[in-house]
Amino acid sequence: MRKSLSVFLTVLVMLASAAPALAETVLEKITRTGVLTAGTRTASIPFAFINEKNEWIGFSIDFLEAVRARLEKKLGKPIKLDKKEVTPQTRIPLVANRTIDLECGSTTYTRGRDETVDFTINFFFTGSQLLVKKGSGIKTLADVAGKRVGATQGTTNEKALRAQQPRADVVTFMDHAAGFLALEQGKIVAYVTDGILLAGLAAKARSPKDYEVVGDFFSKDPYSCIVPENDSKWRDFVNHALMELIDSGKYFEMYDKWFGEKGVVAYPMSAQVRNYMLMQSMPE
Amino acid sequence: MMLAGILGLQYEFRWSVLWESPYGYWLLQGFKNTIVLSLLAWAIALLLGIALGLLRTAPWRLPRAIATAYVEFFRNTPLLVQLFFWYFAVPQILPAGPVRDAINSLNLDTPILTLNFEFLAALAGLGVYTSARVGETIRAGIQSIPRQQTEAALSSGLSLIQVYRHVLIPVGFRIVIPPMATEFLSIFKNSSLAVTIGFAEVTFQTQQVNSYTFKGLEAVTAATLIYLAISLTIAAFMNRMEHRYAIPGLIARGAVRE
């Protein structure tokens, strides 16, 4: 339902609303409506997910909140954050047709995608790995040749998997929750996505110790927010929001909240990534 | 480019992604899988549906109750939910062991398609769901025949089976050809939901083209045209059926070709 329907709806919305929307920039639109419409995910732990109390939270959502706060300060009026669910298949069309002003979830910045939409600077680093049941004997990508391996359709991970292990039988799922269930049931022997998300899936499993994340990164997945193509004022605005968070140290507090020892998924930041984040922030 | 300009989109169309290698091949594969899945599911739906429709009109209480329960259950729950049920829940009913593992991890290459549990679950889900709808259509067709015809046939000495064989089925089945055509069309369109359980039909392949090329508008247009072409072909075929088997003098407004 979700995917085919939303793709078709996207096209309909495009046809219906594209022309008038183009006239104004995102900042002009937010000034007019007082609403920041953001796309994000619902099962990308801990970036954007729905917890047991049915709250939609996560690292990416904290960042969206920071963008909203910066908008309020700049525009001098209250701004509402309207969160919309996106999937890997819908996030690019929905930004391209301006249904959403930006997407922050767990989206990898690729040059191919950059031709259709724009990306902000990176807010996270990870790469493709394998999640397997302990004792499966699978240690690297080479071990899954001829075996059924799961991935989420339309992700960079799926492409990396198909390209680097063409002998695997790839089974695709709509979201990580379905992929993990398939792994649990033995429909697949390994599930592939970004290492951080795999750690998140395992942490949320009924018995986390039965699963392990294995193998080296076989793709590079730097996360960025998606913003519409050719609206550099808006991209600057979001970039500067992130730079301010990095400079003030709030970014690292946010990181700790979600990925620290007491976070949802323990994934300590390496010195290399810390340095990279600091370098991404330009002087005022 | 022209179209994009008219729509006010900042988007560059590149229609060649639809036939360039390997994307054109992917779409063909998807088309083939859609056809195979839909036709096999239709066979299941037709067989089960006819049995259900007949039982629903039969004068035996228990079979009728079972058929009614089946129809109401499968007709009144979303197909998407049913697909997830077949895919994720049904194998888990089996006790944990080698049989269940074998079903879950089935992966057999055949000349037509890869036989895996994704395909079987989609086939079962689509076939069973549609069978409930076909059953209702058949029941409606048979019940639309005036009761007096059954009574007349019975009083002329025919047994109940003979009444079905010579009176109810020949008339009832012809009356329902148009709504049956709709069900037949629906099964092709509903087969697109199989993408949600990982079956590589045409919607899946258009999404693959989209994710590899970021040319989503072209890919969705291709999917639309493929489904439209399938539907129009079937509609034309079913129209011929309708004319060919129309009952002269009965609901024949423009339907009968002399």
# chains A, B, ... in the order shown; residues from 1 in each chain; ligands from 1
>>> select_by_dssp(residues="region 5-210 of chain B", states="strand (DSSP E)", output="list in words")
Asn107, Leu108, Asp109, Thr114, Leu115 and Asn116 of chain B
>>> write_last_selection(atoms="N, CA, C and O atoms", output="mmCIF file, in the first residue's frame")
data_model
loop_
_atom_site.group_PDB
_atom_site.id
_atom_site.type_symbol
_atom_site.label_atom_id
_atom_site.label_comp_id
_atom_site.auth_asym_id
_atom_site.auth_seq_id
_atom_site.Cartn_x
_atom_site.Cartn_y
_atom_site.Cartn_z
ATOM 1 N N ASN B 107 14.175 -21.081 -1.882
ATOM 2 C CA ASN B 107 14.772 -20.295 -2.962
ATOM 3 C C ASN B 107 15.138 -21.231 -4.104
ATOM 4 O O ASN B 107 16.184 -21.847 -4.108
ATOM 5 N N LEU B 108 14.210 -21.374 -5.051
ATOM 6 C CA LEU B 108 14.381 -22.368 -6.095
ATOM 7 C C LEU B 108 14.267 -21.672 -7.444
ATOM 8 O O LEU B 108 13.247 -21.067 -7.739
ATOM 9 N N ASP B 109 15.310 -21.747 -8.251
ATOM 10 C CA ASP B 109 15.237 -21.120 -9.575
ATOM 11 C C ASP B 109 14.509 -22.032 -10.541
ATOM 12 O O ASP B 109 14.892 -23.179 -10.711
ATOM 13 N N THR B 114 11.836 -17.231 -9.913
ATOM 14 C CA THR B 114 12.446 -17.796 -8.717
ATOM 15 C C THR B 114 11.339 -18.146 -7.741
ATOM 16 O O THR B 114 10.576 -17.283 -7.320
ATOM 17 N N LEU B 115 11.238 -19.428 -7.428
ATOM 18 C CA LEU B 115 10.196 -19.881 -6.513
ATOM 19 C C LEU B 115 10.677 -19.661 -5.091
ATOM 20 O O LEU B 115 11.560 -20.358 -4.610
ATOM 21 N N ASN B 116 10.110 -18.647 -4.431
ATOM 22 C CA ASN B 116 10.476 -18.407 -3.045
ATOM 23 C C ASN B 116 9.220 -18.143 -2.246
ATOM 24 O O ASN B 116 8.115 -18.077 -2.790
#
>>> residues_around(residues="Trp56 (chain A)", least_positions_apart="3", cutoff="12 Å", atoms="only C-alpha atoms", output="PyMOL selection string")
chain A and resi 40-53+59-62+82-85+105
>>> write_last_selection(atoms="N, CA, C and O atoms", output="mmCIF file, in the first residue's frame")
data_model
loop_
_atom_site.group_PDB
_atom_site.id
_atom_site.type_symbol
_atom_site.label_atom_id
_atom_site.label_comp_id
_atom_site.auth_asym_id
_atom_site.auth_seq_id
_atom_site.Cartn_x
_atom_site.Cartn_y
_atom_site.Cartn_z
ATOM 1 N N THR A 40 10.398 12.752 7.884
ATOM 2 C CA THR A 40 11.349 11.947 8.640
ATOM 3 C C THR A 40 10.846 10.506 8.695
ATOM 4 O O THR A 40 9.807 10.182 8.136
ATOM 5 N N ARG A 41 11.632 9.661 9.345
ATOM 6 C CA ARG A 41 11.334 8.227 9.326
ATOM 7 C C ARG A 41 10.620 7.808 10.607
ATOM 8 O O ARG A 41 10.544 8.583 11.557
ATOM 9 N N THR A 42 10.097 6.571 10.611
ATOM 10 C CA THR A 42 9.420 6.102 11.821
ATOM 11 C C THR A 42 10.071 4.858 12.410
ATOM 12 O O THR A 42 9.689 4.423 13.490
ATOM 13 N N ALA A 43 11.030 4.272 11.702
ATOM 14 C CA ALA A 43 11.643 3.053 12.241
ATOM 15 C C ALA A 43 13.156 3.086 12.102
ATOM 16 O O ALA A 43 13.794 2.050 11.987
ATOM 17 N N SER A 44 13.737 4.291 12.073
ATOM 18 C CA SER A 44 15.188 4.413 11.982
ATOM 19 C C SER A 44 15.723 4.771 13.360
ATOM 20 O O SER A 44 15.902 5.937 13.684
ATOM 21 N N ILE A 45 15.938 3.765 14.164
ATOM 22 C CA ILE A 45 16.374 3.969 15.538
ATOM 23 C C ILE A 45 17.864 4.280 15.547
ATOM 24 O O ILE A 45 18.616 3.563 14.892
ATOM 25 N N PRO A 46 18.368 5.259 16.251
ATOM 26 C CA PRO A 46 17.629 6.231 17.052
ATOM 27 C C PRO A 46 17.483 7.574 16.341
ATOM 28 O O PRO A 46 17.383 8.596 17.002
ATOM 29 N N PHE A 47 17.465 7.576 15.015
ATOM 30 C CA PHE A 47 17.368 8.856 14.293
ATOM 31 C C PHE A 47 15.952 9.399 14.315
ATOM 32 O O PHE A 47 15.736 10.576 14.618
ATOM 33 N N ALA A 48 15.009 8.561 13.973
ATOM 34 C CA ALA A 48 13.610 8.977 13.997
ATOM 35 C C ALA A 48 12.792 7.699 14.112
ATOM 36 O O ALA A 48 12.833 6.862 13.217
ATOM 37 N N PHE A 49 12.113 7.566 15.216
ATOM 38 C CA PHE A 49 11.365 6.332 15.449
ATOM 39 C C PHE A 49 10.230 6.592 16.431
ATOM 40 O O PHE A 49 10.176 7.653 17.058
ATOM 41 N N ILE A 50 9.327 5.634 16.514
ATOM 42 C CA ILE A 50 8.207 5.753 17.441
ATOM 43 C C ILE A 50 8.481 4.801 18.599
ATOM 44 O O ILE A 50 8.710 3.609 18.395
ATOM 45 N N ASN A 51 8.514 5.355 19.803
ATOM 46 C CA ASN A 51 8.881 4.527 20.963
ATOM 47 C C ASN A 51 7.657 3.838 21.557
ATOM 48 O O ASN A 51 6.552 3.948 21.026
ATOM 49 N N GLU A 52 7.853 3.133 22.673
ATOM 50 C CA GLU A 52 6.766 2.348 23.271
ATOM 51 C C GLU A 52 5.617 3.248 23.705
ATOM 52 O O GLU A 52 4.478 2.810 23.782
ATOM 53 N N LYS A 53 5.942 4.503 24.051
ATOM 54 C CA LYS A 53 4.874 5.426 24.487
ATOM 55 C C LYS A 53 4.240 6.125 23.300
ATOM 56 O O LYS A 53 3.497 7.088 23.469
ATOM 57 N N PHE A 59 17.291 11.436 17.205
ATOM 58 C CA PHE A 59 18.382 12.391 16.980
ATOM 59 C C PHE A 59 18.011 13.358 15.860
ATOM 60 O O PHE A 59 18.160 14.578 15.995
ATOM 61 N N SER A 60 17.507 12.831 14.751
ATOM 62 C CA SER A 60 17.156 13.688 13.616
ATOM 63 C C SER A 60 16.021 14.637 13.977
ATOM 64 O O SER A 60 15.956 15.768 13.491
ATOM 65 N N ILE A 61 15.123 14.155 14.818
ATOM 66 C CA ILE A 61 13.975 14.985 15.204
ATOM 67 C C ILE A 61 14.424 16.105 16.136
ATOM 68 O O ILE A 61 13.944 17.228 16.048
ATOM 69 N N ASP A 62 15.417 15.809 17.009
ATOM 70 C CA ASP A 62 16.002 16.881 17.825
ATOM 71 C C ASP A 62 16.614 17.948 16.929
ATOM 72 O O ASP A 62 16.525 19.140 17.213
ATOM 73 N N ASP A 82 5.748 20.489 11.553
ATOM 74 C CA ASP A 82 4.790 19.479 11.099
ATOM 75 C C ASP A 82 5.584 18.302 10.535
ATOM 76 O O ASP A 82 6.201 18.410 9.482
ATOM 77 N N LYS A 83 5.577 17.174 11.265
ATOM 78 C CA LYS A 83 6.372 16.018 10.836
ATOM 79 C C LYS A 83 5.537 15.103 9.947
ATOM 80 O O LYS A 83 4.402 14.775 10.271
ATOM 81 N N LYS A 84 6.129 14.703 8.833
ATOM 82 C CA LYS A 84 5.455 13.769 7.930
ATOM 83 C C LYS A 84 6.320 12.529 7.756
ATOM 84 O O LYS A 84 7.540 12.639 7.683
ATOM 85 N N GLU A 85 5.675 11.381 7.680
ATOM 86 C CA GLU A 85 6.448 10.156 7.481
ATOM 87 C C GLU A 85 6.898 10.049 6.032
ATOM 88 O O GLU A 85 6.116 10.266 5.113
ATOM 89 N N GLY A 105 16.408 12.298 8.360
ATOM 90 C CA GLY A 105 16.105 10.993 8.933
ATOM 91 C C GLY A 105 17.402 10.234 9.021
ATOM 92 O O GLY A 105 18.251 10.514 9.874
#
>>> residues_around(residues="Leu47 (chain B)", least_positions_apart="2", cutoff="10 Å", atoms="only C-alpha atoms", output="ChimeraX atom specification")
/B:42-45,49-52,127,131,134-135
>>> interface_residues(of="chain B", to="chain A", cutoff="8 Å", atoms="only C-alpha atoms", output="list of chain:residue names")
B:Leu7, B:Gly8, B:Leu9, B:Gln10, B:Tyr11, B:Leu80, B:Phe88, B:Gln92, B:Asp101, B:Asn104, B:Ser105, B:Ser192, B:Leu193, B:Thr196, B:Ile197, B:Gly198, B:Thr203, B:Gln207, B:Gln208, B:Asn210, B:Ser211, B:Tyr212, B:Thr213, B:Phe214, B:Gly216, B:Leu217, B:Val220
>>> atom_distance(atom1="CA of Ala168 (chain A)", atom2="CA of Leu40 (chain B)")
27.4 Å
>>> residues_around(residues="Pro78 (chain A)", least_positions_apart="5", cutoff="10 Å", atoms="only C-alpha atoms", output="NGL selection string")
:A and (31 or 34-35 or 68-69 or 71-73)
>>> write_last_selection(atoms="C-alpha atoms", output="tab-separated table (two decimals), in the first residue's frame")
chain	number	residue	atom	x	y	z
A	31	THR	CA	7.14	33.00	6.85
A	34	GLY	CA	4.19	29.65	10.07
A	35	VAL	CA	4.73	25.93	9.52
A	68	ARG	CA	12.45	25.20	14.09
A	69	ALA	CA	13.87	27.14	17.06
A	71	LEU	CA	13.41	29.84	12.43
A	72	GLU	CA	11.44	31.31	15.33
A	73	LYS	CA	14.42	33.43	16.30
>>> residues_around(residues="Ala202 (chain A)", least_positions_apart="6", cutoff="9 Å", atoms="only C-alpha atoms", output="list of chain:residue names")
A:Leu131, A:Phe180, A:Pro208, A:Lys209, A:Asp210, A:Tyr211, A:Glu212, A:Val213
>>> write_last_selection(atoms="N, CA, C and O atoms", output="mmCIF file, in the first residue's frame")
data_model
loop_
_atom_site.group_PDB
_atom_site.id
_atom_site.type_symbol
_atom_site.label_atom_id
_atom_site.label_comp_id
_atom_site.auth_asym_id
_atom_site.auth_seq_id
_atom_site.Cartn_x
_atom_site.Cartn_y
_atom_site.Cartn_z
ATOM 1 N N LEU A 131 23.777 -7.597 9.715
ATOM 2 C CA LEU A 131 23.260 -8.044 11.008
ATOM 3 C C LEU A 131 22.919 -9.520 10.864
ATOM 4 O O LEU A 131 22.186 -9.902 9.948
ATOM 5 N N PHE A 180 13.972 -6.973 9.893
ATOM 6 C CA PHE A 180 14.451 -7.628 11.103
ATOM 7 C C PHE A 180 13.595 -8.843 11.458
ATOM 8 O O PHE A 180 14.109 -9.890 11.840
ATOM 9 N N PRO A 208 18.586 -9.021 22.594
ATOM 10 C CA PRO A 208 19.651 -8.353 21.818
ATOM 11 C C PRO A 208 20.919 -9.187 21.702
ATOM 12 O O PRO A 208 21.649 -9.083 20.718
ATOM 13 N N LYS A 209 21.181 -10.052 22.694
ATOM 14 C CA LYS A 209 22.457 -10.766 22.677
ATOM 15 C C LYS A 209 22.485 -11.872 21.620
ATOM 16 O O LYS A 209 23.535 -12.451 21.363
ATOM 17 N N ASP A 210 21.347 -12.198 21.023
ATOM 18 C CA ASP A 210 21.330 -13.221 19.977
ATOM 19 C C ASP A 210 21.796 -12.700 18.627
ATOM 20 O O ASP A 210 21.918 -13.462 17.672
ATOM 21 N N TYR A 211 22.000 -11.393 18.530
ATOM 22 C CA TYR A 211 22.346 -10.811 17.235
ATOM 23 C C TYR A 211 23.688 -10.115 17.299
ATOM 24 O O TYR A 211 24.105 -9.645 18.352
ATOM 25 N N GLU A 212 24.355 -10.051 16.146
ATOM 26 C CA GLU A 212 25.592 -9.286 16.105
ATOM 27 C C GLU A 212 25.765 -8.606 14.760
ATOM 28 O O GLU A 212 25.288 -9.081 13.731
ATOM 29 N N VAL A 213 26.427 -7.457 14.805
ATOM 30 C CA VAL A 213 26.736 -6.699 13.598
ATOM 31 C C VAL A 213 28.130 -7.124 13.166
ATOM 32 O O VAL A 213 29.062 -7.070 13.961
#
>>> residues_around(residues="Ala241 (chain A)", least_positions_apart="4", cutoff="7 Å", atoms="only C-alpha atoms", output="PyMOL selection string")
chain A and resi 67+70+237+245
>>> write_last_selection(atoms="N, CA and C atoms", output="JSON list (two decimals), in the first residue's frame")
[["chain", "number", "residue", "atom", "x", "y", "z"],
["A", 67, "VAL", "N", 16.20, 23.39, 14.15],
["A", 67, "VAL", "CA", 15.95, 24.22, 12.96],
["A", 67, "VAL", "C", 14.70, 25.08, 13.20],
["A", 70, "ARG", "N", 15.52, 27.92, 15.45],
["A", 70, "ARG", "CA", 16.30, 28.95, 14.76],
["A", 70, "ARG", "C", 15.38, 29.79, 13.87],
["A", 237, "PHE", "N", 20.48, 28.19, 5.57],
["A", 237, "PHE", "CA", 19.83, 28.33, 6.87],
["A", 237, "PHE", "C", 19.97, 27.05, 7.68],
["A", 245, "LEU", "N", 25.10, 24.52, 16.20],
["A", 245, "LEU", "CA", 25.02, 23.43, 17.19],
["A", 245, "LEU", "C", 26.41, 22.84, 17.44]]
>>> atom_distance(atom1="CA of Ala152 (chain B)", atom2="CA of Val167 (chain B)")
10.3 Å
>>> closest_atom_pairs(of="region 100-194 of chain A", to="region 273-277 of chain A", cutoff="10 Å", atoms="only C-alpha atoms", output="CSV")
residue,atom,partner,partner_atom,distance
A:Ile121,CA,A:Met277,CA,9.4
A:Asn122,CA,A:Met277,CA,7.9
A:Phe123,CA,A:Met277,CA,7.5
A:Phe124,CA,A:Val273,CA,8.3
A:Phe125,CA,A:Val273,CA,7.2
A:Thr126,CA,A:Val273,CA,9.8
>>> residues_around(residues="Thr130 (chain B)", least_positions_apart="5", cutoff="10 Å", atoms="only C-alpha atoms", output="PyMOL selection string")
chain B and resi 41-42+44-46+48-49+71+74-75+79+124-125+135-136+183-184+186-187+190
>>> write_last_selection(atoms="all heavy atoms", output="short mmCIF file (atom, residue, chain, number, x, y, z; two decimals), in the first residue's frame")
data_model
loop_
_atom_site.label_atom_id
_atom_site.label_comp_id
_atom_site.auth_asym_id
_atom_site.auth_seq_id
_atom_site.Cartn_x
_atom_site.Cartn_y
_atom_site.Cartn_z
N ALA B 41 -2.89 -16.53 -9.55
CA ALA B 41 -3.79 -16.15 -8.45
C ALA B 41 -5.23 -16.15 -8.95
O ALA B 41 -6.15 -16.53 -8.22
CB ALA B 41 -3.41 -14.77 -7.92
N TRP B 42 -5.44 -15.75 -10.21
CA TRP B 42 -6.78 -15.74 -10.78
C TRP B 42 -7.33 -17.16 -10.89
O TRP B 42 -8.51 -17.41 -10.62
CB TRP B 42 -6.78 -15.04 -12.14
CG TRP B 42 -8.13 -14.97 -12.78
CD1 TRP B 42 -8.52 -15.59 -13.93
CD2 TRP B 42 -9.28 -14.25 -12.31
NE1 TRP B 42 -9.83 -15.31 -14.20
CE2 TRP B 42 -10.33 -14.49 -13.22
CE3 TRP B 42 -9.53 -13.45 -11.19
CZ2 TRP B 42 -11.60 -13.95 -13.06
CZ3 TRP B 42 -10.79 -12.90 -11.03
CH2 TRP B 42 -11.81 -13.16 -11.96
N ILE B 44 -6.61 -19.66 -8.92
CA ILE B 44 -7.02 -20.03 -7.56
C ILE B 44 -8.33 -19.35 -7.19
O ILE B 44 -9.27 -19.97 -6.67
CB ILE B 44 -5.92 -19.61 -6.54
CG1 ILE B 44 -4.66 -20.43 -6.77
CG2 ILE B 44 -6.41 -19.76 -5.11
CD1 ILE B 44 -3.48 -19.98 -5.93
N ALA B 45 -8.41 -18.05 -7.49
CA ALA B 45 -9.59 -17.27 -7.13
C ALA B 45 -10.83 -17.81 -7.82
O ALA B 45 -11.90 -17.89 -7.22
CB ALA B 45 -9.38 -15.80 -7.49
N LEU B 46 -10.68 -18.20 -9.07
CA LEU B 46 -11.82 -18.68 -9.84
C LEU B 46 -12.31 -20.02 -9.30
O LEU B 46 -13.50 -20.20 -9.05
CB LEU B 46 -11.39 -18.81 -11.30
CG LEU B 46 -12.44 -18.51 -12.37
CD1 LEU B 46 -13.11 -17.17 -12.12
CD2 LEU B 46 -11.79 -18.51 -13.74
N LEU B 48 -11.72 -21.48 -6.26
CA LEU B 48 -12.27 -21.33 -4.91
C LEU B 48 -13.55 -20.51 -4.93
O LEU B 48 -14.52 -20.83 -4.24
CB LEU B 48 -11.24 -20.64 -4.00
CG LEU B 48 -10.14 -21.50 -3.42
CD1 LEU B 48 -9.16 -20.60 -2.66
CD2 LEU B 48 -10.73 -22.52 -2.46
N GLY B 49 -13.54 -19.47 -5.73
CA GLY B 49 -14.67 -18.54 -5.76
C GLY B 49 -15.93 -19.20 -6.29
O GLY B 49 -17.03 -18.98 -5.75
N VAL B 71 -16.03 -15.90 3.21
CA VAL B 71 -16.18 -14.72 2.36
C VAL B 71 -16.11 -13.45 3.19
O VAL B 71 -15.37 -12.51 2.85
CB VAL B 71 -17.52 -14.79 1.58
CG1 VAL B 71 -17.86 -13.43 0.98
CG2 VAL B 71 -17.43 -15.85 0.50
N PHE B 74 -12.39 -12.76 4.48
CA PHE B 74 -11.37 -12.35 3.51
C PHE B 74 -11.77 -11.12 2.70
O PHE B 74 -10.92 -10.42 2.18
CB PHE B 74 -11.00 -13.51 2.59
CG PHE B 74 -10.16 -14.55 3.29
CD1 PHE B 74 -10.68 -15.78 3.62
CD2 PHE B 74 -8.86 -14.25 3.64
CE1 PHE B 74 -9.91 -16.72 4.29
CE2 PHE B 74 -8.07 -15.18 4.32
CZ PHE B 74 -8.60 -16.42 4.64
N ARG B 75 -13.09 -10.89 2.59
CA ARG B 75 -13.51 -9.74 1.82
C ARG B 75 -13.43 -8.46 2.64
O ARG B 75 -13.33 -7.37 2.10
CB ARG B 75 -14.95 -9.95 1.33
CG ARG B 75 -15.36 -9.06 0.19
CD ARG B 75 -16.71 -9.46 -0.32
NE ARG B 75 -17.71 -9.39 0.74
CZ ARG B 75 -18.88 -8.76 0.63
NH1 ARG B 75 -19.18 -8.18 -0.50
NH2 ARG B 75 -19.73 -8.75 1.62
N LEU B 79 -6.29 -6.24 1.93
CA LEU B 79 -5.39 -7.19 1.26
C LEU B 79 -3.96 -7.03 1.77
O LEU B 79 -3.25 -8.03 1.96
CB LEU B 79 -5.44 -6.96 -0.26
CG LEU B 79 -4.48 -7.78 -1.11
CD1 LEU B 79 -4.64 -9.27 -0.86
CD2 LEU B 79 -4.69 -7.47 -2.59
N ALA B 124 -0.91 -16.85 -2.55
CA ALA B 124 -1.97 -17.26 -1.63
C ALA B 124 -2.82 -16.06 -1.23
O ALA B 124 -4.05 -16.12 -1.27
CB ALA B 124 -1.37 -17.93 -0.39
N GLY B 125 -2.16 -14.97 -0.87
CA GLY B 125 -2.89 -13.80 -0.41
C GLY B 125 -3.82 -13.25 -1.48
O GLY B 125 -5.00 -13.02 -1.25
N GLY B 135 -16.55 -15.23 -5.20
CA GLY B 135 -17.64 -15.98 -4.59
C GLY B 135 -18.89 -15.13 -4.46
O GLY B 135 -20.01 -15.58 -4.77
N GLU B 136 -18.72 -13.91 -4.01
CA GLU B 136 -19.86 -13.00 -3.86
C GLU B 136 -20.50 -12.70 -5.21
O GLU B 136 -21.72 -12.62 -5.34
CB GLU B 136 -19.41 -11.69 -3.21
CG GLU B 136 -19.36 -11.74 -1.71
CD GLU B 136 -20.68 -12.16 -1.11
OE1 GLU B 136 -20.88 -13.38 -0.95
OE2 GLU B 136 -21.52 -11.30 -0.82
N GLU B 183 -13.29 -7.98 -11.51
CA GLU B 183 -12.43 -8.70 -10.57
C GLU B 183 -11.12 -9.13 -11.23
O GLU B 183 -10.06 -9.08 -10.62
CB GLU B 183 -13.15 -9.94 -10.01
CG GLU B 183 -14.35 -9.64 -9.14
CD GLU B 183 -14.02 -8.73 -7.98
OE1 GLU B 183 -12.87 -8.74 -7.49
OE2 GLU B 183 -14.92 -7.97 -7.56
N PHE B 184 -11.25 -9.55 -12.48
CA PHE B 184 -10.06 -9.99 -13.22
C PHE B 184 -9.10 -8.81 -13.40
O PHE B 184 -7.88 -8.95 -13.22
CB PHE B 184 -10.50 -10.56 -14.58
CG PHE B 184 -9.42 -11.34 -15.30
CD1 PHE B 184 -8.41 -11.99 -14.62
CD2 PHE B 184 -9.45 -11.42 -16.69
CE1 PHE B 184 -7.43 -12.70 -15.30
CE2 PHE B 184 -8.48 -12.13 -17.37
CZ PHE B 184 -7.47 -12.77 -16.68
N SER B 186 -9.00 -6.25 -11.40
CA SER B 186 -8.51 -5.87 -10.07
C SER B 186 -7.33 -6.72 -9.64
O SER B 186 -6.43 -6.24 -8.95
CB SER B 186 -9.62 -6.02 -9.03
OG SER B 186 -10.67 -5.15 -9.32
N ILE B 187 -7.33 -7.98 -10.03
CA ILE B 187 -6.27 -8.84 -9.54
C ILE B 187 -4.91 -8.38 -10.08
O ILE B 187 -3.90 -8.43 -9.38
CB ILE B 187 -6.56 -10.33 -9.86
CG1 ILE B 187 -5.94 -11.22 -8.77
CG2 ILE B 187 -6.05 -10.73 -11.23
CD1 ILE B 187 -6.46 -12.64 -8.77
N ASN B 190 -4.21 -5.21 -8.02
CA ASN B 190 -3.90 -5.55 -6.63
C ASN B 190 -2.55 -6.26 -6.49
O ASN B 190 -1.93 -6.22 -5.44
CB ASN B 190 -4.99 -6.44 -6.04
CG ASN B 190 -6.26 -5.67 -5.75
OD1 ASN B 190 -6.23 -4.44 -5.65
ND2 ASN B 190 -7.37 -6.37 -5.65
#
>>> atom_distance(atom1="CA of Ala199 (chain A)", atom2="CA of Glu253 (chain A)")
20.1 Å
